[in-house]
Amino acid sequence: MTTFTDKVKSVVADIPKGSVMTYKQVAIASGKPAAARAVANIMAANYDPGVPCHRVIRSDGGLGGYNRGGVEEKARILKREGVSLETAK
DNA sequence: TAGTTGACCGGAA
DNA sequence: ATTCCGGCCAACT
């Protein structure tokens, strides 16, 4: 039985390179549309080397945070992946 | 076991 | 447009 946490990790790990998902989207894909906050907490409390949490961003277009090197490192990685951090508005 | 916290989200002021 | 408030869920103390 895969727990919600494991499912979240699986979903995040399934995010293709060059793409990003919001915490809400990940929560939905994990089966809990209202667990966006829980997803964020899971990332912050349990970082896994096989889970590219840097591909998960806020719905506002913000990066949220990063437990590995800060928002600056996260932004750097996303730019390296070819993702535009601008809200495109 | 119960209470608090947080890389959030959406609506209201 | 920005700032404030409440709700939701898992992990931590």
# chains A, B, ... in the order shown; residues from 1 in each chain; ligands from 1

call {"tool": "residues_around", "arguments": {"residues": "DG11 of chain B", "least_positions_apart": "4", "cutoff": "12 Å", "atoms": "only C-alpha atoms (C1' of nucleotides)", "output": "PyMOL selection string"}}
result
chain C and resi 4-7

call {"tool": "closest_atom_pairs", "arguments": {"of": "chain C", "to": "chain A", "cutoff": "12 Å", "atoms": "only C-alpha atoms (C1' of nucleotides)", "output": "tab-separated table"}}
result
residue	atom	partner	partner_atom	distance
C:DG7	C1'	A:Ala34	CA	9.3
C:DC8	C1'	A:Ala34	CA	5.8
C:DC9	C1'	A:Ala38	CA	4.7
C:DA10	C1'	A:Ala38	CA	5.0
C:DA11	C1'	A:Ala45	CA	6.9
C:DC12	C1'	A:Ala45	CA	8.8

call {"tool": "select_by_dssp", "arguments": {"residues": "chain A", "states": "strand (DSSP E)", "output": "list in words"}}
result
Met21, Thr22, Val56 and Ile57 of chain A

call {"tool": "atom_distance", "arguments": {"atom1": "atom C1' of DA12 of chain B", "atom2": "atom CA of Lys24 of chain A"}}
result
21.0 Å

call {"tool": "select_by_dssp", "arguments": {"residues": "segment 12-63 of chain A", "states": "alpha helix (DSSP H)", "output": "VMD selection string"}}
result
chain A and resid 12 to 13 23 to 30 36 to 45

call {"tool": "write_last_selection", "arguments": {"atoms": "C-alpha atoms", "output": "PDB file, in the first residue's frame"}}
result
ATOM      1  CA  VAL A  12       7.410  14.377  -8.345  1.00  0.00           C
ATOM      2  CA  ALA A  13       9.910  11.828  -9.617  1.00  0.00           C
ATOM      3  CA  TYR A  23       2.271  21.803  -5.129  1.00  0.00           C
ATOM      4  CA  LYS A  24      -1.446  21.781  -5.834  1.00  0.00           C
ATOM      5  CA  GLN A  25      -0.985  19.806  -9.054  1.00  0.00           C
ATOM      6  CA  VAL A  26       1.239  17.298  -7.275  1.00  0.00           C
ATOM      7  CA  ALA A  27      -1.330  16.981  -4.509  1.00  0.00           C
ATOM      8  CA  ILE A  28      -4.059  16.311  -7.064  1.00  0.00           C
ATOM      9  CA  ALA A  29      -1.911  13.785  -8.900  1.00  0.00           C
ATOM     10  CA  SER A  30      -1.287  12.100  -5.557  1.00  0.00           C
ATOM     11  CA  ALA A  36      -0.926  21.028  -1.275  1.00  0.00           C
ATOM     12  CA  ARG A  37       0.274  22.079   2.157  1.00  0.00           C
ATOM     13  CA  ALA A  38       1.034  18.520   3.130  1.00  0.00           C
ATOM     14  CA  VAL A  39       3.076  18.085  -0.063  1.00  0.00           C
ATOM     15  CA  ALA A  40       5.147  21.110   0.848  1.00  0.00           C
ATOM     16  CA  ASN A  41       5.698  19.743   4.320  1.00  0.00           C
ATOM     17  CA  ILE A  42       6.688  16.332   2.967  1.00  0.00           C
ATOM     18  CA  MET A  43       9.289  17.949   0.728  1.00  0.00           C
ATOM     19  CA  ALA A  44      10.641  20.108   3.513  1.00  0.00           C
ATOM     20  CA  ALA A  45      10.781  17.324   6.078  1.00  0.00           C
TER      21      ALA A  45
END

call {"tool": "atom_distance", "arguments": {"atom1": "atom CA of Lys7 of chain A", "atom2": "atom CA of Ser19 of chain A"}}
result
18.7 Å
